[in-house]
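work-v2.csv (CSV, C-alpha atoms) appears below.
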```csv
chain,number,residue,atom,x,y,z
A,1,MET,CA,-5.6,0.2,18.1
A,2,SER,CA,-3.2,-2.8,18.2
A,3,GLN,CA,-5.9,-5.1,19.4
A,4,THR,CA,-8.2,-4.5,16.5
A,5,GLU,CA,-5.2,-4.9,14.2
A,6,LYS,CA,-4.5,-8.3,15.7
A,7,LYS,CA,-8.0,-9.4,15.1
A,8,GLU,CA,-7.6,-8.5,11.4
A,9,LEU,CA,-4.2,-10.1,10.8
A,10,PRO,CA,-3.2,-13.2,12.8
A,11,GLY,CA,0.4,-14.4,13.6
A,12,ARG,CA,3.5,-14.0,11.5
A,13,GLU,CA,1.6,-12.3,8.7
A,14,ASN,CA,0.6,-9.6,11.2
A,15,ARG,CA,4.3,-8.8,12.0
A,16,GLU,CA,5.3,-8.7,8.4
A,17,ASN,CA,2.4,-6.6,7.5
A,18,ARG,CA,3.1,-4.2,10.3
A,19,ARG,CA,6.7,-3.8,9.1
A,20,GLU,CA,5.5,-3.1,5.6
A,21,MET,CA,3.0,-0.6,6.9
A,22,ILE,CA,5.7,1.3,8.9
A,23,ARG,CA,7.9,1.3,5.8
A,24,GLN,CA,5.2,2.6,3.5
A,25,GLY,CA,4.0,5.2,6.1
A,26,ALA,CA,7.6,6.5,6.6
A,27,ALA,CA,8.2,6.6,2.9
A,28,ALA,CA,5.1,8.8,2.4
A,29,ALA,CA,6.0,11.0,5.4
A,30,TRP,CA,9.7,11.6,4.7
A,31,PRO,CA,9.2,14.3,2.1
A,32,ILE,CA,7.1,16.2,4.6
A,33,CYS,CA,9.7,15.7,7.3
A,34,LEU,CA,12.4,16.9,4.9
A,35,GLY,CA,10.4,20.0,4.2
A,36,TYR,CA,9.5,20.5,7.9
A,37,ILE,CA,13.2,20.7,8.9
A,38,PRO,CA,13.9,24.0,7.1
A,39,ILE,CA,10.4,25.4,7.8
A,40,GLY,CA,10.4,24.3,11.5
A,41,MET,CA,13.9,25.7,12.0
A,42,ALA,CA,12.8,28.9,10.3
A,43,PHE,CA,9.9,29.1,12.7
A,44,GLY,CA,12.2,28.4,15.7
A,45,VAL,CA,14.6,31.2,14.6
A,46,LEU,CA,11.7,33.7,14.3
A,47,ALA,CA,10.2,32.6,17.6
A,48,ARG,CA,13.5,33.0,19.3
A,49,GLN,CA,13.9,36.5,17.8
A,50,ALA,CA,10.4,37.3,19.1
A,51,GLY,CA,11.6,36.4,22.6
A,52,LEU,CA,10.2,32.9,23.1
A,53,GLN,CA,12.4,30.4,25.0
A,54,TRP,CA,13.3,27.1,23.2
A,55,TRP,CA,11.1,25.1,25.6
A,56,ALA,CA,8.2,27.5,25.0
A,57,VAL,CA,8.6,26.9,21.2
A,58,GLY,CA,8.5,23.1,21.9
A,59,LEU,CA,5.5,23.4,24.1
A,60,MET,CA,3.7,25.5,21.4
A,61,SER,CA,4.5,22.9,18.7
A,62,VAL,CA,3.2,20.1,20.8
A,63,MET,CA,0.0,21.9,21.9
A,64,VAL,CA,-0.9,23.6,18.7
A,65,PHE,CA,0.9,21.9,15.8
A,66,ALA,CA,-0.2,24.2,13.0
A,67,GLY,CA,2.6,25.6,10.9
A,68,SER,CA,1.2,28.8,9.4
A,69,ALA,CA,-0.8,29.7,12.5
A,70,GLN,CA,2.3,29.4,14.6
A,71,PHE,CA,4.2,31.8,12.3
A,72,ILE,CA,1.3,34.3,12.5
A,73,ALA,CA,1.0,33.9,16.3
A,74,VAL,CA,4.7,34.6,16.8
A,75,ALA,CA,4.5,37.7,14.6
A,76,MET,CA,1.6,38.9,16.6
A,77,MET,CA,3.4,38.3,19.9
A,78,ALA,CA,6.4,40.2,18.6
A,79,SER,CA,4.1,43.2,17.9
A,80,GLY,CA,2.6,43.0,21.4
A,81,ALA,CA,-0.8,41.4,20.7
A,82,GLY,CA,-2.7,39.8,23.6
A,83,ALA,CA,-3.7,36.2,24.0
A,84,PRO,CA,-7.4,36.6,23.1
A,85,SER,CA,-6.7,38.2,19.7
A,86,ILE,CA,-3.9,35.6,19.0
A,87,ILE,CA,-6.3,32.8,19.8
A,88,ALA,CA,-9.1,34.3,17.7
A,89,THR,CA,-6.7,34.7,14.7
A,90,THR,CA,-5.5,31.1,15.1
A,91,PHE,CA,-9.1,29.9,15.0
A,92,PHE,CA,-9.8,31.7,11.7
A,93,VAL,CA,-6.5,30.7,10.1
A,94,ASN,CA,-7.1,27.1,11.0
A,95,LEU,CA,-10.8,27.0,10.1
A,96,ARG,CA,-9.7,25.6,6.7
A,97,HIS,CA,-9.0,22.3,8.5
A,98,THR,CA,-12.7,21.7,8.8
A,99,LEU,CA,-12.8,21.3,5.0
A,100,MET,CA,-9.8,19.0,5.1
A,101,SER,CA,-11.3,16.8,7.8
A,102,SER,CA,-14.5,16.6,5.9
A,103,ALA,CA,-12.7,15.5,2.8
A,104,LEU,CA,-10.7,12.9,4.8
A,105,ALA,CA,-13.9,11.6,6.4
A,106,VAL,CA,-14.8,10.1,3.0
A,107,HIS,CA,-11.8,7.7,3.3
A,108,LEU,CA,-12.2,7.1,7.1
A,109,SER,CA,-15.9,6.2,7.2
A,110,GLY,CA,-16.9,3.9,10.0
A,111,VAL,CA,-13.6,4.2,11.8
A,112,SER,CA,-13.8,4.2,15.6
A,113,ARG,CA,-14.3,7.6,17.3
A,114,ARG,CA,-11.2,7.0,19.5
A,115,PHE,CA,-9.0,6.6,16.5
A,116,LEU,CA,-10.5,9.7,14.8
A,117,ALA,CA,-9.9,11.7,18.0
A,118,VAL,CA,-6.2,10.8,17.9
A,119,PHE,CA,-6.0,11.2,14.1
A,120,SER,CA,-7.5,14.7,14.1
A,121,TYR,CA,-4.6,16.1,16.0
A,122,GLY,CA,-2.3,15.5,13.1
A,123,VAL,CA,-4.4,16.9,10.2
A,124,THR,CA,-2.3,19.6,8.6
A,125,ASP,CA,-2.0,21.0,5.1
A,126,GLU,CA,0.9,18.7,4.4
A,127,SER,CA,-0.3,15.4,5.9
A,128,PHE,CA,-3.7,16.1,4.4
A,129,ALA,CA,-2.3,16.6,1.0
A,130,VAL,CA,-0.1,13.5,1.1
A,131,ASN,CA,-2.7,11.2,2.6
A,132,MET,CA,-5.4,12.4,0.2
A,133,SER,CA,-3.3,11.7,-2.8
A,134,ARG,CA,-2.4,8.2,-1.4
A,135,PHE,CA,-6.0,7.4,-0.5
A,136,ARG,CA,-7.0,8.4,-4.0
A,137,GLU,CA,-4.4,6.2,-5.6
A,138,GLY,CA,-5.7,3.3,-3.4
A,139,ASN,CA,-3.7,0.9,-1.3
A,140,TRP,CA,-3.7,3.3,1.6
A,141,ASP,CA,-5.3,2.8,5.1
A,142,ARG,CA,-5.8,4.7,8.3
A,143,TYR,CA,-2.8,3.3,10.1
A,144,ARG,CA,-0.4,4.4,7.3
A,145,ALA,CA,-2.2,7.8,7.3
A,146,LEU,CA,-1.8,8.1,11.1
A,147,LEU,CA,1.9,7.3,10.8
A,148,VAL,CA,2.3,10.1,8.3
A,149,ASN,CA,0.6,12.5,10.7
A,150,GLN,CA,2.6,11.5,13.7
A,151,LEU,CA,6.0,11.3,12.0
A,152,SER,CA,5.5,14.8,10.6
A,153,ASN,CA,4.4,16.0,14.0
A,154,ALA,CA,7.6,14.6,15.7
A,155,THR,CA,9.8,16.1,13.0
A,156,TRP,CA,8.0,19.5,13.4
A,157,ILE,CA,8.5,19.5,17.2
A,158,CYS,CA,12.2,18.7,16.9
A,159,ALA,CA,12.9,21.1,14.1
A,160,THR,CA,11.2,24.1,15.7
A,161,MET,CA,13.1,23.5,19.0
A,162,LEU,CA,16.3,23.1,17.1
A,163,GLY,CA,15.7,26.3,15.3
A,164,ALA,CA,14.9,28.1,18.5
A,165,MET,CA,18.2,26.9,20.0
A,166,ALA,CA,20.2,27.9,16.9
A,167,GLY,CA,18.1,31.1,16.6
A,168,GLN,CA,20.5,33.6,18.0
A,169,PHE,CA,23.2,32.6,15.5
A,170,VAL,CA,21.1,32.9,12.4
A,171,PRO,CA,20.7,36.3,10.7
A,172,PRO,CA,17.1,37.2,9.6
A,173,GLY,CA,16.3,36.2,6.1
A,174,ALA,CA,19.3,33.8,5.7
A,175,PHE,CA,19.2,30.8,3.4
A,176,GLY,CA,15.8,31.7,1.9
A,177,ILE,CA,14.0,30.3,5.0
A,178,ASP,CA,11.1,32.7,4.4
A,179,TYR,CA,10.3,30.7,1.2
A,180,ALA,CA,10.2,27.3,2.8
A,181,LEU,CA,6.4,27.3,3.4
A,182,THR,CA,5.6,28.7,0.0
A,183,GLY,CA,7.8,26.0,-1.7
A,184,MET,CA,5.9,23.4,0.2
A,185,PHE,CA,2.5,24.7,-0.7
A,186,ILE,CA,3.5,24.8,-4.4
A,187,CYS,CA,4.5,21.2,-4.4
A,188,LEU,CA,1.5,20.1,-2.4
A,189,LEU,CA,-0.8,21.8,-4.9
A,190,VAL,CA,1.0,20.1,-7.8
A,191,VAL,CA,0.5,16.6,-6.3
A,192,GLN,CA,-3.2,17.3,-5.9
A,193,ILE,CA,-3.8,17.9,-9.6
A,194,TYR,CA,-5.5,15.0,-11.3
A,195,GLY,CA,-6.7,16.3,-14.7
A,196,MET,CA,-7.9,19.5,-16.2
A,197,ILE,CA,-10.8,20.0,-13.8
A,198,HIS,CA,-8.4,20.5,-10.9
A,199,VAL,CA,-6.4,23.1,-12.8
A,200,VAL,CA,-9.6,25.0,-13.5
A,201,THR,CA,-10.6,24.7,-9.8
A,202,ALA,CA,-7.2,26.0,-8.7
A,203,LEU,CA,-7.4,29.0,-11.1
A,204,PHE,CA,-10.9,29.8,-9.8
A,205,ALA,CA,-9.7,29.6,-6.2
A,206,ALA,CA,-6.6,31.7,-6.9
A,207,ALA,CA,-8.6,34.5,-8.6
A,208,ILE,CA,-11.2,34.6,-5.8
A,209,SER,CA,-8.6,34.4,-3.1
A,210,ILE,CA,-6.6,37.3,-4.4
A,211,ALA,CA,-9.7,39.5,-4.9
A,212,TRP,CA,-11.0,38.6,-1.4
A,213,TYR,CA,-7.5,39.2,0.1
A,214,VAL,CA,-7.4,42.7,-1.4
A,215,ALA,CA,-11.0,43.6,-0.5
A,216,ILE,CA,-11.5,42.2,3.0
A,217,PRO,CA,-9.0,42.4,5.9
A,218,GLY,CA,-8.3,39.4,8.0
A,219,SER,CA,-7.8,35.8,6.9
A,220,SER,CA,-11.4,34.9,5.9
A,221,TYR,CA,-10.1,34.8,2.3
A,222,ILE,CA,-8.7,31.3,2.8
A,223,VAL,CA,-11.9,29.5,3.7
A,224,GLY,CA,-14.0,31.8,1.6
A,225,ALA,CA,-12.0,31.3,-1.6
A,226,SER,CA,-11.6,27.6,-1.0
A,227,ILE,CA,-15.4,27.1,-0.7
A,228,CYS,CA,-16.2,29.3,-3.7
A,229,GLY,CA,-13.4,27.9,-5.8
A,230,ALA,CA,-14.4,24.3,-5.1
A,231,THR,CA,-18.1,25.0,-5.8
A,232,LEU,CA,-17.3,26.7,-9.1
A,233,GLY,CA,-15.0,23.8,-10.0
A,234,TYR,CA,-17.7,21.3,-9.1
A,235,LEU,CA,-20.4,23.2,-11.1
A,236,PHE,CA,-18.0,23.4,-14.0
A,237,LYS,CA,-17.4,19.7,-13.9
A,238,ARG,CA,-21.1,18.9,-13.8
A,239,ALA,CA,-21.8,21.3,-16.7
A,240,ALA,CA,-19.0,19.7,-18.8
A,241,GLY,CA,-20.3,16.2,-18.0
A,242,ARG,CA,-23.8,17.1,-19.1
A,243,LYS,CA,-22.6,18.4,-22.5
A,244,LYS,CA,-21.2,14.9,-23.3
B,1,MET,CA,5.8,35.7,29.8
B,2,THR,CA,5.4,33.1,32.6
B,3,LEU,CA,4.7,29.4,32.1
B,4,ALA,CA,1.1,30.0,33.1
B,5,ASP,CA,0.8,32.7,30.3
B,6,TYR,CA,2.2,30.3,27.8
B,7,LEU,CA,-0.1,27.5,28.9
B,8,PHE,CA,-3.1,29.7,28.6
B,9,LEU,CA,-2.2,31.0,25.2
B,10,PHE,CA,-1.1,27.7,23.7
B,11,GLY,CA,-4.0,25.8,25.3
B,12,GLY,CA,-6.4,28.2,23.7
B,13,MET,CA,-4.6,28.1,20.3
B,14,GLY,CA,-4.5,24.3,20.6
B,15,LEU,CA,-8.2,24.0,21.3
B,16,VAL,CA,-9.3,26.2,18.4
B,17,THR,CA,-7.0,24.3,16.2
B,18,TYR,CA,-8.0,20.8,17.3
B,19,LEU,CA,-11.8,21.2,17.3
B,20,PRO,CA,-12.1,22.2,13.6
B,21,ARG,CA,-10.0,19.2,12.8
B,22,ALA,CA,-11.8,16.7,15.0
B,23,LEU,CA,-15.5,17.7,14.8
B,24,PRO,CA,-16.1,17.1,11.0
B,25,LEU,CA,-14.2,13.8,11.1
B,26,LEU,CA,-16.1,12.6,14.2
B,27,TYR,CA,-19.4,13.6,12.7
B,28,LEU,CA,-19.0,12.8,9.0
B,29,ALA,CA,-17.1,9.5,9.2
B,30,HIS,CA,-20.3,7.9,10.6
B,31,LYS,CA,-22.6,9.4,8.0
B,32,ARG,CA,-23.4,8.2,4.5
B,33,LEU,CA,-22.4,11.2,2.4
B,34,PRO,CA,-24.4,12.1,-0.7
B,35,GLN,CA,-22.4,11.7,-3.9
B,36,TRP,CA,-22.6,15.4,-4.9
B,37,PHE,CA,-21.0,16.2,-1.5
B,38,VAL,CA,-18.2,13.7,-2.0
B,39,ASP,CA,-17.5,15.1,-5.5
B,40,TRP,CA,-17.5,18.7,-4.1
B,41,LEU,CA,-15.1,17.6,-1.3
B,42,GLY,CA,-12.8,16.2,-4.0
B,43,MET,CA,-12.3,19.8,-5.2
B,44,ILE,CA,-11.3,21.1,-1.8
B,45,PRO,CA,-7.6,20.1,-1.7
B,46,VAL,CA,-6.6,22.1,-4.8
B,47,ALA,CA,-8.9,24.9,-3.9
B,48,ILE,CA,-7.4,25.4,-0.4
B,49,LEU,CA,-3.8,25.2,-1.5
B,50,SER,CA,-4.4,27.6,-4.4
B,51,ALA,CA,-6.3,30.0,-2.1
B,52,LEU,CA,-3.3,29.9,0.3
B,53,ILE,CA,-0.7,30.5,-2.4
B,54,ALA,CA,-2.2,33.2,-4.6
B,55,PRO,CA,-1.9,36.2,-2.2
B,56,ILE,CA,1.6,35.1,-1.2
B,57,LEU,CA,2.7,35.4,-4.9
B,58,LEU,CA,0.5,38.2,-6.1
B,59,ALA,CA,-0.2,40.7,-3.3
B,60,ASP,CA,1.7,42.9,-1.0
B,61,PRO,CA,1.0,41.9,2.6
B,62,ALA,CA,1.7,45.4,4.0
B,63,THR,CA,-0.9,47.3,1.9
B,64,ARG,CA,-3.0,44.3,0.8
B,65,SER,CA,-2.9,45.4,-2.8
B,66,LEU,CA,-2.2,43.6,-6.0
B,67,GLU,CA,1.5,43.4,-7.0
B,68,PHE,CA,3.1,41.8,-10.0
B,69,GLY,CA,6.8,41.0,-10.2
B,70,LYS,CA,7.3,40.1,-6.6
B,71,PRO,CA,10.4,37.9,-6.1
B,72,GLU,CA,8.0,35.3,-4.6
B,73,LEU,CA,6.2,35.1,-7.9
B,74,ILE,CA,9.3,34.9,-10.1
B,75,VAL,CA,10.9,32.2,-7.9
B,76,ALA,CA,7.6,30.3,-8.0
B,77,ILE,CA,7.8,29.7,-11.7
B,78,PRO,CA,11.0,27.5,-11.7
B,79,THR,CA,9.9,26.0,-8.3
B,80,LEU,CA,6.5,25.0,-9.9
B,81,LEU,CA,8.3,23.5,-12.9
B,82,PHE,CA,10.6,21.5,-10.6
B,83,ALA,CA,7.6,20.3,-8.6
B,84,LEU,CA,5.8,19.2,-11.8
B,85,LYS,CA,8.8,17.4,-13.0
B,86,THR,CA,9.9,15.6,-9.8
B,87,ARG,CA,6.8,15.7,-7.5
B,88,SER,CA,9.4,15.8,-4.7
B,89,LEU,CA,8.2,17.8,-1.7
B,90,GLY,CA,11.6,18.0,0.1
B,91,GLY,CA,13.4,18.8,-3.2
B,92,THR,CA,10.9,21.5,-4.1
B,93,VAL,CA,11.3,23.2,-0.7
B,94,LEU,CA,15.1,23.3,-1.0
B,95,VAL,CA,15.0,24.5,-4.6
B,96,GLY,CA,12.5,27.2,-3.7
B,97,MET,CA,14.6,28.4,-0.7
B,98,LEU,CA,17.8,28.4,-2.8
B,99,LEU,CA,16.3,30.4,-5.6
B,100,TYR,CA,14.6,32.8,-3.2
B,101,TRP,CA,17.9,33.3,-1.4
B,102,LEU,CA,19.7,33.9,-4.8
B,103,ALA,CA,16.9,36.3,-5.9
B,104,GLY,CA,17.3,38.2,-2.7
B,105,SER,CA,21.0,38.7,-3.2
B,106,VAL,CA,20.6,39.6,-6.9
B,107,MET,CA,17.6,41.9,-6.7
```
In structure tokens, how does this file's structure come out?
Amino acid sequence: MSQTEKKELPGRENRENRREMIRQGAAAAWPICLGYIPIGMAFGVLARQAGLQWWAVGLMSVMVFAGSAQFIAVAMMASGAGAPSIIATTFFVNLRHTLMSSALAVHLSGVSRRFLAVFSYGVTDESFAVNMSRFREGNWDRYRALLVNQLSNATWICATMLGAMAGQFVPPGAFGIDYALTGMFICLLVVQIYGMIHVVTALFAAAISIAWYVAIPGSSYIVGASICGATLGYLFKRAAGRKK
Amino acid sequence: MTLADYLFLFGGMGLVTYLPRALPLLYLAHKRLPQWFVDWLGMIPVAILSALIAPILLADPATRSLEFGKPELIVAIPTLLFALKTRSLGGTVLVGMLLYWLAGSVM
């Protein structure tokens, strides 16, 4: 990665550019990190209460790195579920990332497969939302995006381990930690809205999601409602465009 | 659980998390995507986040039925307004947690 960068930017300019890149990447990542600290610690506390050692929590955060799936896995472990059913649930809960990676591919076209293989590890709801809004505003590139992914990842690993270590001292439900993930989702939704068509799409997706959730057990509602909501929003936009 | 149990479980979870993230990127980043598909993908971020949030705010996870007036929903209103006004991720998380904590001690 550093070699291709050198080819693009020679000498002193290269160093300054790199410093600027790190500064901008960190500035974009820090709100995620700030959010990950309470969420990660909340997860660590719950995992500890479910019987995981602090090192196992760290290992899980490194190997899986998927906030909501980790929460669900720990809840399943606490209720005595076996590895196959936890792994299957993780797969369905994280299937939504195929949609995110597909959307990111628009901004990463032609990038080397090696870079993409590394980048993919850090595609989460949060890094995806932040990177997409930056890419859309322009002046954003894959190195800044990768930095957002990796800084978030490092914060997540540390926060979850810290939470696990402090876990035994925190009473369940304290400090509103159960709301950390919801608060983050709400803000991530808000920063994705560019114009009325996105509000309409969000409402479609919410209505379908809630109906699907009530009617069908499991977590298929996430991917199902996302695809249906996005499709309705897209058709709505096309119909509105044709009228003009 | 032993270390081997953990490695098996986390390895499996890691694999099924990584592949859905990697395969579309590896495949689609080297394709020319048709415009309609790019436009459709542009609707995906709001759709996913909205689909994730709606049941948290409007349904009871134990019975999987509709429920209005959950503290999650009531807290979401000021949290949403704060997010619209500041667009601050860290601030929104903290405000949401604080309000939810307060709601828990009042209700």
Find the residues around Leu99 in chain B up to 10 Å (all atoms listed in the file counted), leave out those fewer than 6 positions away in its own chain, and share them as a VMD selection string.
-> (chain A and resid 175 to 176 179) or (chain B and resid 71 to 72 74 to 76 78 to 79 105)
Contact residues (chain B, partner chain A, 6 Å, only C-alpha atoms) as a ChimeraX atom specification | /B:9-10,13-14,16-18,20-22,24-25,28-30,40-41,43-44,46-51,54-55,64-65,83,89-90,92-93,96-97,100-101
Just how far from CA of Phe169 in chain A is CA of Leu102 in chain B, in Å to one decimal?
-> 20.6 Å
Rounded to one decimal in Å, what is the spacing between CA of Pro171 in chain A and CA of Ala42 in chain A?
->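 It comes out at 10.8 Å.
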For Leu147 in chain A, list every protein, DNA or RNA residue within 9 Å, evaluated using only C-alpha atoms, and leave out those in the same chain fewer than 2 positions away; present the list as a list in words.
->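 Non-adjacent residues within range: Met21, Ile22, Gly25, Ala26, Ala29, Arg142, Tyr143, Arg144, Ala145, Asn149, Gln150, Leu151 and Ser152 of chain A.
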Give me, please, the distance in Å between CA of Trp36 in chain B and CA of Ala240 in chain A, quoted to one decimal.
->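 Result for CA of Trp36 in chain B versus CA of Ala240 in chain A: 15.0 Å, one decimal.
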Could N, CA and C atoms be built for range 196-220 of chain A and written out as a PDB file, in the frame of the given file?
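And here is the file that came out, rebuild35.pdb:
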```
ATOM      1  N   MET A 196      -7.639  18.133 -15.861  1.00  0.00           N
ATOM      2  CA  MET A 196      -7.900  19.500 -16.200  1.00  0.00           C
ATOM      3  C   MET A 196      -8.848  20.185 -15.192  1.00  0.00           C
ATOM      4  N   ILE A 197      -9.834  19.437 -14.678  1.00  0.00           N
ATOM      5  CA  ILE A 197     -10.800  20.000 -13.800  1.00  0.00           C
ATOM      6  C   ILE A 197     -10.176  20.614 -12.537  1.00  0.00           C
ATOM      7  N   HIS A 198      -9.097  19.977 -12.085  1.00  0.00           N
ATOM      8  CA  HIS A 198      -8.400  20.500 -10.900  1.00  0.00           C
ATOM      9  C   HIS A 198      -7.606  21.755 -11.218  1.00  0.00           C
ATOM     10  N   VAL A 199      -7.073  21.826 -12.442  1.00  0.00           N
ATOM     11  CA  VAL A 199      -6.400  23.100 -12.800  1.00  0.00           C
ATOM     12  C   VAL A 199      -7.381  24.207 -12.874  1.00  0.00           C
ATOM     13  N   VAL A 200      -8.559  23.936 -13.451  1.00  0.00           N
ATOM     14  CA  VAL A 200      -9.600  25.000 -13.500  1.00  0.00           C
ATOM     15  C   VAL A 200     -10.012  25.402 -12.110  1.00  0.00           C
ATOM     16  N   THR A 201     -10.240  24.429 -11.216  1.00  0.00           N
ATOM     17  CA  THR A 201     -10.600  24.700  -9.800  1.00  0.00           C
ATOM     18  C   THR A 201      -9.547  25.582  -9.148  1.00  0.00           C
ATOM     19  N   ALA A 202      -8.277  25.217  -9.353  1.00  0.00           N
ATOM     20  CA  ALA A 202      -7.200  26.000  -8.700  1.00  0.00           C
ATOM     21  C   ALA A 202      -7.165  27.402  -9.216  1.00  0.00           C
ATOM     22  N   LEU A 203      -7.429  27.601 -10.518  1.00  0.00           N
ATOM     23  CA  LEU A 203      -7.400  29.000 -11.100  1.00  0.00           C
ATOM     24  C   LEU A 203      -8.594  29.784 -10.511  1.00  0.00           C
ATOM     25  N   PHE A 204      -9.780  29.160 -10.437  1.00  0.00           N
ATOM     26  CA  PHE A 204     -10.900  29.800  -9.800  1.00  0.00           C
ATOM     27  C   PHE A 204     -10.563  30.263  -8.389  1.00  0.00           C
ATOM     28  N   ALA A 205     -10.048  29.315  -7.597  1.00  0.00           N
ATOM     29  CA  ALA A 205      -9.700  29.600  -6.200  1.00  0.00           C
ATOM     30  C   ALA A 205      -8.695  30.691  -6.070  1.00  0.00           C
ATOM     31  N   ALA A 206      -7.677  30.663  -6.938  1.00  0.00           N
ATOM     32  CA  ALA A 206      -6.600  31.700  -6.900  1.00  0.00           C
ATOM     33  C   ALA A 206      -7.188  33.063  -7.155  1.00  0.00           C
ATOM     34  N   ALA A 207      -8.031  33.160  -8.193  1.00  0.00           N
ATOM     35  CA  ALA A 207      -8.600  34.500  -8.600  1.00  0.00           C
ATOM     36  C   ALA A 207      -9.487  35.010  -7.452  1.00  0.00           C
ATOM     37  N   ILE A 208     -10.333  34.141  -6.886  1.00  0.00           N
ATOM     38  CA  ILE A 208     -11.200  34.600  -5.800  1.00  0.00           C
ATOM     39  C   ILE A 208     -10.409  34.974  -4.582  1.00  0.00           C
ATOM     40  N   SER A 209      -9.423  34.153  -4.275  1.00  0.00           N
ATOM     41  CA  SER A 209      -8.600  34.400  -3.100  1.00  0.00           C
ATOM     42  C   SER A 209      -7.918  35.756  -3.147  1.00  0.00           C
ATOM     43  N   ILE A 210      -7.349  36.057  -4.304  1.00  0.00           N
ATOM     44  CA  ILE A 210      -6.600  37.300  -4.400  1.00  0.00           C
ATOM     45  C   ILE A 210      -7.555  38.510  -4.330  1.00  0.00           C
ATOM     46  N   ALA A 211      -8.723  38.386  -4.955  1.00  0.00           N
ATOM     47  CA  ALA A 211      -9.700  39.500  -4.900  1.00  0.00           C
ATOM     48  C   ALA A 211     -10.189  39.671  -3.449  1.00  0.00           C
ATOM     49  N   TRP A 212     -10.490  38.547  -2.782  1.00  0.00           N
ATOM     50  CA  TRP A 212     -11.000  38.600  -1.400  1.00  0.00           C
ATOM     51  C   TRP A 212      -9.907  39.172  -0.478  1.00  0.00           C
ATOM     52  N   TYR A 213      -8.660  38.757  -0.696  1.00  0.00           N
ATOM     53  CA  TYR A 213      -7.500  39.200   0.100  1.00  0.00           C
ATOM     54  C   TYR A 213      -7.372  40.731   0.034  1.00  0.00           C
ATOM     55  N   VAL A 214      -7.524  41.244  -1.168  1.00  0.00           N
ATOM     56  CA  VAL A 214      -7.400  42.700  -1.400  1.00  0.00           C
ATOM     57  C   VAL A 214      -8.554  43.458  -0.790  1.00  0.00           C
ATOM     58  N   ALA A 215      -9.764  42.853  -0.902  1.00  0.00           N
ATOM     59  CA  ALA A 215     -11.000  43.600  -0.500  1.00  0.00           C
ATOM     60  C   ALA A 215     -11.287  43.515   0.963  1.00  0.00           C
ATOM     61  N   ILE A 216     -11.016  42.375   1.601  1.00  0.00           N
ATOM     62  CA  ILE A 216     -11.500  42.200   3.000  1.00  0.00           C
ATOM     63  C   ILE A 216     -10.302  41.870   3.894  1.00  0.00           C
ATOM     64  N   PRO A 217     -10.140  42.652   4.965  1.00  0.00           N
ATOM     65  CA  PRO A 217      -9.000  42.400   5.900  1.00  0.00           C
ATOM     66  C   PRO A 217      -9.234  41.078   6.648  1.00  0.00           C
ATOM     67  N   GLY A 218      -8.180  40.602   7.295  1.00  0.00           N
ATOM     68  CA  GLY A 218      -8.300  39.400   8.000  1.00  0.00           C
ATOM     69  C   GLY A 218      -7.917  38.153   7.180  1.00  0.00           C
ATOM     70  N   SER A 219      -8.218  36.952   7.679  1.00  0.00           N
ATOM     71  CA  SER A 219      -7.800  35.800   6.900  1.00  0.00           C
ATOM     72  C   SER A 219      -9.007  34.951   6.441  1.00  0.00           C
ATOM     73  N   SER A 220     -10.189  35.605   6.339  1.00  0.00           N
ATOM     74  CA  SER A 220     -11.400  34.900   5.900  1.00  0.00           C
ATOM     75  C   SER A 220     -11.197  34.457   4.405  1.00  0.00           C
TER      76      SER A 220
END
```
